[in-house]
Structure formats: structure tokens, C-alpha cells
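The structure under discussion appears below in the form of C-alpha cells.
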There are 2 protein chains.
Amino acid sequence: MEPRTPKITDVAKLAGVSTATVSRALSRPETVAESTRNLVLAAAEQTGYRVNLSARNLRRQRTGAIMILVPNLGNPFFSEILAGIEAALSEADINMLVVDTRQAHVKPQLILEYLNASRADGIIALDGSLPDAILSVASSGNGAPPIVFACEWTPHGEFPSVRANNARGGELAVAHLAGLGHRSIGMITGPQDNVLTHARSRGALRELAARGLALDPDHVFPGDFSLNAGAGAAQAWLGLAQRPSAVFSQSDQMAFGFISELARHGVSVPGDVSVVGFDDIAIARRFIPALTTLRQPRERIGRSAAHMLINHIQTGSSPAIETTILEVELIARDSTRAVDG
Amino acid sequence: MEPRTPKITDVAKLAGVSTATVSRALSRPETVAESTRNLVLAAAEQTGYRVNLSARNLRRQRTGAIMILVPNLGNPFFSEILAGIEAALSEADINMLVVDTRQAHVKPQLILEYLNASRADGIIALDGSLPDAILSVASSGNGAPPIVFACEWTPHGEFPSVRANNARGGELAVAHLAGLGHRSIGMITGPQDNVLTHARSRGALRELAARGLALDPDHVFPGDFSLNAGAGAAQAWLGLAQRPSAVFSQSDQMAFGFISELARHGVSVPGDVSVVGFDDIAIARRFIPALTTLRQPRERIGRSAAHMLINHIQTGSSPAIETTILEVELIARDSTRAVDG
């Protein structure tokens with residue numbers, strides 16, 4: 001005789017909450033108060049209830065795989081997000097199919113093939129620039145697997161997403177620099193058509209305006225989140241007659257490129273110019289100088305997106321258009337300092 | 001009427017080589033002379049022959065997926081290798097299932113399930129420390145899908161693999177430092193049970209011996225390839241009465257941690273100690289100082305492993321125990337300098 005398998009109703013009863021709350025607490029913990037979450041987790045542990053039992057049952061009727069669309073697998077930024085997604089999917093016994101959408105041979109046709117529901121139960125897109133052909137199929141609901149965006153999102157159509165509070169990050173970067181007495185603050189941006197660029201710029205501009213500071217157009221350095229773009233911004237900075245005393249770089253990689261290229265020209269960070277990055281990738285605290293930056297909870301973004309998608313697949317309903325926004329945190333280190341009195 | 005599909009025999013005829021050579025040139029380019037490779041590629045292009053035609057046919061009879069076992073998805077070191085694998089698999093219209101073998105919930109049982117050939121056509125293992133239970137199934141040949149190791153390999157049993165010439169890298173690191181006049185050279189190692197650690201150490205020791213230099217046991221700093229291990233080695237270095245004037249760090253990450261921690265204590269690289277890394281990850285050339293290191297062709301390692309596996313799957317034979325070793329290159333930058341006369 002097999003032991004009786006614990007059910008979600010057992011957990012709900014023990015925790016004194018509804019089964020809907022148990023489901024939410026286990027699949028989207030950030031939507032539930034911490035005290036409730038802890039109650040549910042304790043009850044789940046005591047009863048031996050495991051989320052992946054239902055996911056396993058589910059898998060037998062489905063493909064058992066979720067496709068992850070990554071804009072550039074060669075970029076270490078995505079490693080931790082993938083790790084978070086993989087952890088959540090593994091717990092639910094679901095496979096992760098990874099596709100690099102910027103590879104020349106990955107045509108929209110290939111992705112559409114998956115969207116026809118025969119090869120994947122759902123999609124997590126880390127790429128906010130998917131072709132319209134894909135988005136219109138994904139939003140049609142005609143048997144197309146659900147799609148959840150993580151980190152990036154698309155301005156075309158409405159899809160559920162999990163992201164960091166990028167605008168708030170822009171505000172915090174400017175607030176930190178202005179708080180140190182900087183009045184002339186420049187910005188190295190991401191790609192012009194990127195939603196992260198827009199949100200981070202919007203937050204920075206809002207905070208500048210709130211403090212009565214203007215952004216000199218010559219102090220905006222267009223980039224693409226890469227090391228090389230940061231080095232290019234340094235060249236532009238060096239060529240200015242009136243240089244900003246502080247720069248908000250919309251990625252850590254660009255900040256490293258910027259600082260490194262300035263160092264080659266004998267310009268010191270933070271001695272001559274203060275720099276704030278964005279992401280807090282692992283090397284940031286070990287760079288010389290250690291980088292002041294905005295920390296994104298990347299592993300949690302990946303986990304939350306996976307939980308959101310699993311929840312949609314399990315309930316079988318069309319995904320609600322929900323957006324989970326996770327907070328960012330300014331980590332002050334050695335690349336910023338107060339303006340000399 | 002459909003146009004006639006170009007065949008491998010058409011390519012062979014036009015290039016004036018055998019079909020076996022065409023197959024090798026397209027699936028394992030590093031095993032064929034460059035002139036032959038160029039002939040075959042030109043002929044393939046002229047006839048319109050596409051490798052993925054046969055892979056596509058193959059996929060219809062198989063699962064169309066290959067499993068990648070990664071020891072730590074959160075480590076950016078693996079990003080470029082995954083990108084290389086993904087590029088080669090995509091061209092052959094094969095999916096990539098990614099599993100992080102060090103996650104608590106990834107039990108050997110899960111991997112064995114795949115090895116039973118029902119879920120994946122083959123495996124690429126980036127993890128040289130797989131449990132014996134898995135290796136013995138993989139080597140049984142009883143319907144188990146073929147396995148190819150990339151970067152790391154296993155000392156237990158014989159499996160095909162693609163790797164960098166790690167021992168040669170150790171030799172080149174020591175030769176570079178000794179050539180700059182360093183007589184007292186220390187080493188920060190990877191994990192004690194890791195094949196990369198053994199190979200890199202073996203090469204370094206061989207080169208030291210060839211030059212009549214001894215390795216002081218106090219100058220061996222045990223690490224694990226991480227930033228933090230490098231910082232720990234710096235603490236140990238600072239505590240020594242007799243310090244080595246140069247250090248070979250068996251990963252770039254440890255080199256960054258080492259240099260960063262020394263900088264916090266006012267010790268300059270290369271002013272007070274020279275440092276050579278290993279890997280040449282993207283940030284190495286932008287670190288301050290720019291890091292002298294051994295360049296591993298990571299994207300090519302990933303591609304070659306994928307091509308090797310696809311070839312095994314296509315021929316349907318037990319994989320030959322072949323080892324492809326790709327050369328490393330010492331990139332001299334600013335973290336090393338000559339001993340003061």
C-alpha cells in the first residue's frame with residue numbers, strides 16, 4: 001500500500017488559509033505577506049506536500065519543457081537569471097529549452113514552430129524585441145502556450161512579466177550622485193530601442209528634474225550595455241570641453257569599460273569623475289575601484305518568472321496580465337565620492 | 001516539382017574529396033586541414049548542401065534534444081561555452097536541454113532517467129565530477145545516448161572530450177613569469193579534485209622543473225576558481241614572511257579576487273607582485289590592471305563538442321574515444337612585469 005499523497009487541501013487546513021493562498025504562496029511568493037508565506041511553507045513541510053507532484057502529473061499530459069528565449073547567451077548577465085529559472089523548473093520536474101534569439105539561424109519561424117504548442121508548454125522571454133509575428137501568435141490564445149517576460153518586456157501588446165524596478169534604479173542613481181554634491185551628471189544609456197534604457201532614463205530624468213538639475217545633451221553617451229560601449233563613452237567624455245563630474249552608466253559592463261578606458265588616459269575614478277553602474281554583477285565588488293551600482297535580484301527574477309509560468313500552465317487559464325516588479329537597491333562602494341568643497 | 005535536394009556526394013564530387021572528408025570537415029572542422037576545409041565549405045555553399053537536412057531527418061526518429069550538464073549556471077565562465085554549443089545545435093535543428101548538476105534537487109536519478117534514451121539523444125557534460133552511477137550507465141552502450149565531455153573530463157572511464165590544452169597553459173604561465181626574471185613563483189589552484197587543477201598544476205610544475213626553479217609549498221594557495229578564493233589567497237600571501245614575486249592563478253576570477261584584496265591592503269599589481277590568470281573572460285582586458293592570462297577558445301570548445309556529439313548521433317555508432325585538444329594562448333597585458341634589476 002502506498003502512503004497517502006498529501007494534498008493542497010491538507011496544507012491549507014493546517015495553515016488556516018485557502019487553497020488559493022497556498023497556491024499563490026508556493027508559486028508567486030512575492031504576492032503574499034511574509035507571515036502568510038512562512039505559515040504555508042511550514043505547513044507544506046509538515047505535511048510533506050510537494051508542488052512538483054502536480055507538475056509531474058501535468059507533464060505526463062504535456063511536453064514537459066519550457067522554452068527560454070535569451071537575447072545573447074554569451075553575455076554573463078543572463079547566467080544568474082537562467083540559474084533562477086532552472087532551479088524553479090527543476091523543482092517542478094520541467095525541462096528548460098534554451099534558444100539564443102540573436103543567432104543568425106534562429107528565425108522567427110523556428111520560434112513560431114514552438115508556439116504551435118507541440119514542443120513547449122510555455123515560454124519565458126528575456127528578450128523584449130521579439131518580432132511582431134511571434135507576439136501576435138502568443139497573444140492569440142488559440143492553443144498557443146503562455147508567455148511570460150523576465151527582465152525585459154515588450155511595449156507591443158500586453159503580457160505578464162517579472163522585472164526589476166528599473167525607473168526607480170535610475171532615480172536612486174541620480175539621488176545618490178546629487179546627494180554627494182554633483183550638479184553635472186551624465187548618462188551612458190543602453191540601446192535606444194530597449195525598454196530597460198527607457199525606464200532607467202525616465203527615472204534618472206525624473207530625479208534630475210525633481211532636484212532642479214538639467215541634463216546636458218552632450219552628456220548623454222549612447223551605448224548598448226557592453227564593455228566596448230563604455231570605453232567609447234570614455235573617449236567621448238575625454239573629448240568634452242565641459243565634462244560632467246559624475247556619470248550614471250545603465251549597466252555594470254559599460255561602467256567597467258568607461259573606468260578602464262579613462263584609467264588608460266590617466267583619469268581617476270572617483271578622483272576625477274564618479275561612476276554608478278547598474279546590475280551588481282559578481283565582479284562589481286572586486287573591480288578597482290569597487291563599483292557603486294544598483295543591485296538587481298536576478299536569481300529571484302528568474303525564479304518568479306518560472307513560478308508565474310508554471311502557475312499559468314497548471315491552472316490552464318489564459319495568463320492574467322500581471323506584472324511583478326522587484327525592488328532594486330543602491331550599493332554604495334568606491335567609484336563615487338563627494339564633490340570637493 | 002520540388003528542386004532536387006543537394007546531397008553530400010555532390011559536395012564531395014565538387015570538392016574532389018571523399019564523403020567521409022566532407023562529413024568530417026562539416027562536423028569536426030578541427031580534424032581537417034584548413035585548405036581542405038575551405039574547399040569543402042565552398043563546395044557546400046555552391047551546391048546549397050545543408051548539414052541540417054540530415055539532422056532534421058534524424059530528429060524525426062529521435063527526441064531532437066541534447067542535454068547539457070553544467071556544474072554551475074550562475075558562473076559566467078559557462079556562458080560562452082553554452083553559446084557555442086547552442087549555435088552548433090541550432091544549425092542542426094536540435095534543442096538544448098540545460099541542467100545545473102550542482103542544484104540540490106538535481107539527483108543522479110534525474111540524469112539517469114535521461115540516460116535511458118527516452119528524453120535526449122545525447123549528453124554534453126561540462127562537469128568532470130559526475131557520479132559513478134551515471135558514468136557506468138553512459139559507458140554501458142546499452143541504448144544509452146552518447147556522452148561527450150567539454151572543458152572538463154572525467155578521470156573515471158574513457159569518454160570522448162573536447163578541452164583546452166590546460167597543461168600547456170600552466171607551462172606558458174610559468175615560462176612568461178620566469179622570462180620576466182621571476183625566480184619565486186606561487187600558484188593559486190582550482191579545487192583539489194578537479195581535472196583542470198591537476199593539468200594546469202602539472203604543466204606549471206613541469207616548466208618550473210625545466211628551469212631549475214622549485215615551488216615552495218607555502219606558495220601554493222588552494223582555491224576553487226571563485227573570486228572569494230582569490231581574495232583568500234591574497235590574505236595568505238600578505239601573511240607570508242617570504243612572499244613570491246609572481247603568482248599563477250588558475251582562473252581569471254581568482255586573479256581578480258587576489259588583485260582586488262591586495263589593493264585594499266595597499267599592495268600593487270604588478271608593482272609588488274605579478275599575476276597571470278587563466279581563461280581570458282571578457283572583463284580581463286578591462287580590469288585595472290588589464291590581466292595577463294591564458295586565452296581558452298571557449299566558444300570553439302562548445303561548438304566542437306556539439307559537432308562531435310552530432311556526428312556520433314548521426315552515424316549511430318558507439319562514440320570513438322577521441323579527445324580534441326584546442327590550444328591556449330598567453331595574452332600579455334599589464335598585470336605582469338619584469339623583476340627589478
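Going through the C-alpha cells in order, the chains are called A, B, and so on, while each chain numbers its residues from 1 and the ligands are numbered from 1 in the order shown.
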Name the residues in contact with Thr293 of chain B at a cut-off of 8 Å, using only C-alpha atoms, excluding same-chain residues fewer than 3 positions from it; report them as number ranges by chain. B: 173, 252, 276-280, 284, 330-333
Can you pull out every residue within 6 Å of segment 226-229 of chain A, counting only C-alpha atoms, but drop anything in the same chain fewer than 4 positions away, and send it as a list of chain:residue names?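 Residues near the query, excluding close chain neighbours: A:Gln253, A:Met254, A:Gly257.
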Determine which residues of chain A sit within 9 Å of chain B, taking into account only C-alpha atoms, and present them as an mmCIF file with N, CA and C atoms, in the first residue's frame.
data_model
loop_
_atom_site.group_PDB
_atom_site.id
_atom_site.type_symbol
_atom_site.label_atom_id
_atom_site.label_comp_id
_atom_site.auth_asym_id
_atom_site.auth_seq_id
_atom_site.Cartn_x
_atom_site.Cartn_y
_atom_site.Cartn_z
ATOM 1 N N ALA A 65 8.413 20.599 -21.198
ATOM 2 C CA ALA A 65 9.515 21.523 -21.464
ATOM 3 C C ALA A 65 9.001 22.949 -21.592
ATOM 4 N N ASN A 72 21.189 36.940 -25.796
ATOM 5 C CA ASN A 72 22.610 36.726 -26.048
ATOM 6 C C ASN A 72 23.189 35.830 -24.966
ATOM 7 N N LEU A 73 23.332 34.554 -25.294
ATOM 8 C CA LEU A 73 23.819 33.588 -24.311
ATOM 9 C C LEU A 73 25.260 33.852 -23.920
ATOM 10 N N GLY A 74 25.994 34.580 -24.758
ATOM 11 C CA GLY A 74 27.391 34.855 -24.451
ATOM 12 C C GLY A 74 27.560 35.934 -23.396
ATOM 13 N N ASN A 75 26.465 36.579 -23.003
ATOM 14 C CA ASN A 75 26.519 37.662 -22.022
ATOM 15 C C ASN A 75 26.293 37.110 -20.608
ATOM 16 N N PRO A 76 27.303 37.260 -19.734
ATOM 17 C CA PRO A 76 27.178 36.667 -18.394
ATOM 18 C C PRO A 76 26.011 37.228 -17.600
ATOM 19 N N PHE A 77 25.470 38.372 -17.997
ATOM 20 C CA PHE A 77 24.325 38.935 -17.302
ATOM 21 C C PHE A 77 23.212 37.913 -17.150
ATOM 22 N N PHE A 78 23.052 37.024 -18.157
ATOM 23 C CA PHE A 78 21.915 36.115 -18.149
ATOM 24 C C PHE A 78 22.141 34.843 -17.335
ATOM 25 N N SER A 79 23.412 34.593 -16.946
ATOM 26 C CA SER A 79 23.707 33.353 -16.234
ATOM 27 C C SER A 79 22.853 33.184 -14.987
ATOM 28 N N GLU A 80 22.808 34.222 -14.160
ATOM 29 C CA GLU A 80 22.089 34.088 -12.888
ATOM 30 C C GLU A 80 20.588 34.016 -13.080
ATOM 31 N N ILE A 81 20.079 34.685 -14.097
ATOM 32 C CA ILE A 81 18.651 34.602 -14.369
ATOM 33 C C ILE A 81 18.304 33.184 -14.804
ATOM 34 N N LEU A 82 19.126 32.625 -15.692
ATOM 35 C CA LEU A 82 18.904 31.246 -16.122
ATOM 36 C C LEU A 82 18.992 30.295 -14.943
ATOM 37 N N ALA A 83 19.933 30.556 -14.036
ATOM 38 C CA ALA A 83 20.075 29.690 -12.869
ATOM 39 C C ALA A 83 18.801 29.720 -12.031
ATOM 40 N N GLY A 84 18.206 30.894 -11.883
ATOM 41 C CA GLY A 84 16.960 31.013 -11.119
ATOM 42 C C GLY A 84 15.811 30.297 -11.804
ATOM 43 N N GLU A 86 16.082 27.820 -13.958
ATOM 44 C CA GLU A 86 16.360 26.389 -13.955
ATOM 45 C C GLU A 86 16.036 25.775 -12.596
ATOM 46 N N ALA A 87 16.357 26.492 -11.517
ATOM 47 C CA ALA A 87 16.081 25.975 -10.177
ATOM 48 C C ALA A 87 14.586 25.757 -9.995
ATOM 49 N N SER A 90 13.313 22.880 -12.331
ATOM 50 C CA SER A 90 13.758 21.563 -11.885
ATOM 51 C C SER A 90 12.904 21.066 -10.737
ATOM 52 N N GLU A 91 12.583 21.968 -9.817
ATOM 53 C CA GLU A 91 11.753 21.581 -8.677
ATOM 54 C C GLU A 91 10.404 21.072 -9.161
ATOM 55 N N ASP A 93 10.057 19.582 -12.027
ATOM 56 C CA ASP A 93 10.327 18.486 -12.948
ATOM 57 C C ASP A 93 10.020 18.871 -14.401
ATOM 58 N N ASN A 95 11.635 20.582 -17.993
ATOM 59 C CA ASN A 95 12.896 20.862 -18.676
ATOM 60 C C ASN A 95 12.959 22.294 -19.191
ATOM 61 N N MET A 96 14.185 22.740 -19.417
ATOM 62 C CA MET A 96 14.409 24.090 -19.919
ATOM 63 C C MET A 96 15.075 23.984 -21.289
ATOM 64 N N LEU A 97 14.376 24.443 -22.328
ATOM 65 C CA LEU A 97 14.972 24.513 -23.657
ATOM 66 C C LEU A 97 15.475 25.928 -23.854
ATOM 67 N N VAL A 98 16.760 26.088 -24.156
ATOM 68 C CA VAL A 98 17.313 27.431 -24.261
ATOM 69 C C VAL A 98 17.595 27.773 -25.721
ATOM 70 N N VAL A 99 17.115 28.916 -26.151
ATOM 71 C CA VAL A 99 17.338 29.365 -27.524
ATOM 72 C C VAL A 99 17.888 30.793 -27.490
ATOM 73 N N ASP A 100 18.964 31.010 -28.239
ATOM 74 C CA ASP A 100 19.567 32.337 -28.345
ATOM 75 C C ASP A 100 18.917 33.046 -29.532
ATOM 76 N N GLN A 103 20.994 34.638 -32.604
ATOM 77 C CA GLN A 103 21.799 33.846 -33.534
ATOM 78 C C GLN A 103 21.170 33.950 -34.910
ATOM 79 N N ALA A 104 22.030 34.044 -35.937
ATOM 80 C CA ALA A 104 21.547 34.274 -37.304
ATOM 81 C C ALA A 104 20.566 33.195 -37.755
ATOM 82 N N HIS A 105 20.770 31.971 -37.289
ATOM 83 C CA HIS A 105 19.942 30.867 -37.790
ATOM 84 C C HIS A 105 18.638 30.699 -37.009
ATOM 85 N N VAL A 106 18.462 31.477 -35.949
ATOM 86 C CA VAL A 106 17.206 31.382 -35.208
ATOM 87 C C VAL A 106 16.204 32.341 -35.856
ATOM 88 N N LEU A 110 11.266 29.396 -36.532
ATOM 89 C CA LEU A 110 11.631 28.366 -35.557
ATOM 90 C C LEU A 110 10.870 28.579 -34.260
ATOM 91 N N LEU A 227 30.924 46.274 -22.620
ATOM 92 C CA LEU A 227 32.208 46.844 -22.204
ATOM 93 C C LEU A 227 32.700 47.875 -23.210
ATOM 94 N N GLN A 253 28.735 46.537 -17.014
ATOM 95 C CA GLN A 253 29.737 46.290 -18.051
ATOM 96 C C GLN A 253 30.195 47.604 -18.678
ATOM 97 N N PHE A 256 32.502 49.421 -16.315
ATOM 98 C CA PHE A 256 33.873 48.894 -16.308
ATOM 99 C C PHE A 256 34.648 49.393 -17.532
ATOM 100 N N GLY A 257 34.013 49.360 -18.690
ATOM 101 C CA GLY A 257 34.660 49.842 -19.909
ATOM 102 C C GLY A 257 35.025 51.312 -19.802
ATOM 103 N N ILE A 259 35.473 53.168 -16.945
ATOM 104 C CA ILE A 259 36.530 53.389 -15.944
ATOM 105 C C ILE A 259 37.874 52.920 -16.478
ATOM 106 N N SER A 260 37.869 51.768 -17.136
ATOM 107 C CA SER A 260 39.106 51.184 -17.651
ATOM 108 C C SER A 260 39.739 52.081 -18.716
ATOM 109 N N GLU A 261 38.917 52.583 -19.625
ATOM 110 C CA GLU A 261 39.445 53.433 -20.696
ATOM 111 C C GLU A 261 39.944 54.763 -20.127
ATOM 112 N N ALA A 263 41.194 55.155 -17.161
ATOM 113 C CA ALA A 263 42.444 54.861 -16.459
ATOM 114 C C ALA A 263 43.619 54.867 -17.431
ATOM 115 N N ALA A 282 28.739 39.934 -10.355
ATOM 116 C CA ALA A 282 29.636 39.452 -9.303
ATOM 117 C C ALA A 282 30.938 40.246 -9.201
ATOM 118 N N ILE A 283 31.514 40.621 -10.348
ATOM 119 C CA ILE A 283 32.819 41.267 -10.331
ATOM 120 C C ILE A 283 32.755 42.710 -9.809
ATOM 121 N N ARG A 285 31.952 44.183 -7.029
ATOM 122 C CA ARG A 285 32.549 44.490 -5.729
ATOM 123 C C ARG A 285 34.060 44.262 -5.722
ATOM 124 N N ARG A 286 34.588 43.588 -6.763
ATOM 125 C CA ARG A 286 36.023 43.318 -6.831
ATOM 126 C C ARG A 286 36.729 44.180 -7.870
ATOM 127 N N PHE A 287 35.966 44.999 -8.609
ATOM 128 C CA PHE A 287 36.616 45.884 -9.572
ATOM 129 C C PHE A 287 37.416 46.912 -8.782
ATOM 130 N N ILE A 288 38.401 47.534 -9.445
ATOM 131 C CA ILE A 288 39.207 48.556 -8.785
ATOM 132 C C ILE A 288 38.988 49.871 -9.510
ATOM 133 N N PRO A 289 38.257 50.832 -8.966
ATOM 134 C CA PRO A 289 37.621 50.800 -7.651
ATOM 135 C C PRO A 289 36.375 49.920 -7.648
ATOM 136 N N ALA A 290 36.023 49.400 -6.445
ATOM 137 C CA ALA A 290 34.776 48.639 -6.297
ATOM 138 C C ALA A 290 33.628 49.534 -6.744
ATOM 139 N N GLU A 299 18.503 36.313 -9.666
ATOM 140 C CA GLU A 299 18.079 34.939 -9.446
ATOM 141 C C GLU A 299 16.586 34.912 -9.108
#
Excluding His182 of chain A and residues on its chain fewer than 2 positions from it, collect all residues at most 7 Å away from it, counting only C-alpha atoms, and give them as a ChimeraX atom specification. /A:177-178,180,184-185,245-246,339
Exercise: Thr21 of chain B partners within 8 Å, only C-alpha atoms, chain neighbours under 3 positions left out, as a CSV table (one decimal) with N, CA, C and O atoms, in the first residue's frame:
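Written output follows (part.csv):
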chain,number,residue,atom,x,y,z
B,12,ALA,N,31.1,16.3,-52.2
B,12,ALA,CA,32.4,15.5,-52.2
B,12,ALA,C,32.9,15.6,-53.7
B,12,ALA,O,34.1,15.8,-53.9
B,17,VAL,N,36.9,15.4,-52.9
B,17,VAL,CA,37.3,14.7,-51.7
B,17,VAL,C,36.3,13.6,-51.4
B,17,VAL,O,35.3,13.5,-52.1
B,18,SER,N,36.6,12.7,-50.4
B,18,SER,CA,35.6,11.7,-50.1
B,18,SER,C,34.4,12.2,-49.3
B,18,SER,O,34.5,13.3,-48.7
B,24,ARG,N,33.5,15.0,-42.1
B,24,ARG,CA,34.4,15.4,-41.0
B,24,ARG,C,34.6,17.0,-41.0
B,24,ARG,O,34.6,17.6,-40.0
B,25,ALA,N,34.8,17.5,-42.3
B,25,ALA,CA,35.0,18.9,-42.4
B,25,ALA,C,33.9,19.7,-41.9
B,25,ALA,O,34.0,20.8,-41.3
B,32,VAL,N,40.5,18.5,-39.8
B,32,VAL,CA,40.7,18.6,-41.3
B,32,VAL,C,41.6,19.8,-41.6
B,32,VAL,O,41.5,20.8,-40.9
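Around Ala125 of chain B, within 7 Å and counting only C-alpha atoms, the residues found are B:Ile68, B:Leu69, B:Val70, B:Ile123, B:Asp127, B:Val148, B:Phe149, B:Ala150, once anything fewer than 2 positions away on its own chain is removed.
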Keeping only N, CA and C atoms, write the selected residues to a file as a JSON list (two decimals), in the first residue's frame.
[["chain", "number", "residue", "atom", "x", "y", "z"],
["B", 68, "ILE", "N", 22.55, 19.24, -21.69],
["B", 68, "ILE", "CA", 23.83, 19.83, -21.30],
["B", 68, "ILE", "C", 23.91, 19.83, -19.78],
["B", 69, "LEU", "N", 24.94, 19.19, -19.23],
["B", 69, "LEU", "CA", 25.13, 19.16, -17.78],
["B", 69, "LEU", "C", 26.17, 20.21, -17.40],
["B", 70, "VAL", "N", 25.72, 21.26, -16.71],
["B", 70, "VAL", "CA", 26.58, 22.38, -16.34],
["B", 70, "VAL", "C", 26.76, 22.36, -14.83],
["B", 123, "ILE", "N", 24.38, 13.62, -24.62],
["B", 123, "ILE", "CA", 24.71, 14.49, -23.49],
["B", 123, "ILE", "C", 26.05, 15.17, -23.73],
["B", 127, "ASP", "N", 30.85, 18.99, -16.68],
["B", 127, "ASP", "CA", 31.12, 18.68, -15.28],
["B", 127, "ASP", "C", 31.93, 17.38, -15.21],
["B", 148, "VAL", "N", 29.58, 13.31, -24.49],
["B", 148, "VAL", "CA", 30.84, 13.98, -24.84],
["B", 148, "VAL", "C", 31.14, 14.98, -23.73],
["B", 149, "PHE", "N", 32.38, 15.01, -23.26],
["B", 149, "PHE", "CA", 32.77, 15.99, -22.26],
["B", 149, "PHE", "C", 33.35, 17.23, -22.93],
["B", 150, "ALA", "N", 33.05, 18.39, -22.35],
["B", 150, "ALA", "CA", 33.60, 19.63, -22.87],
["B", 150, "ALA", "C", 34.23, 20.40, -21.71]]
Could you please determine the separation between atom CA of Leu205 of chain A and atom CA of Met187 of chain A in Å, to one decimal place?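 Those two atoms sit 10.0 Å apart.
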I need the residue nearest Ala175 of chain B from this list: B:Asp121, B:Glu152, B:Glu329, B:Glu207. Use only C-alpha atoms for the distance.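 Of B:Asp121, B:Glu152, B:Glu329, B:Glu207, the one nearest Ala175 of chain B, counting only C-alpha atoms, is B:Glu207.
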Run DSSP on the backbone and tell me which residues of segment 55-259 of chain B come out as strand (DSSP E or B); list them as a PyMOL selection string. chain B and resi 65-70+95-100+122-125+147-150+161-164+185-189+220-222+246-249
Output as number ranges by chain all residues of segment 141-278 of chain B that backbone DSSP marks as alpha helix (DSSP H). B: 166-179, 195-210, 227-238, 252-264
Straight-line distance linking atom CA of Thr292 of chain B with atom CA of Pro244 of chain B, stated in Å to one decimal: 17.2 Å
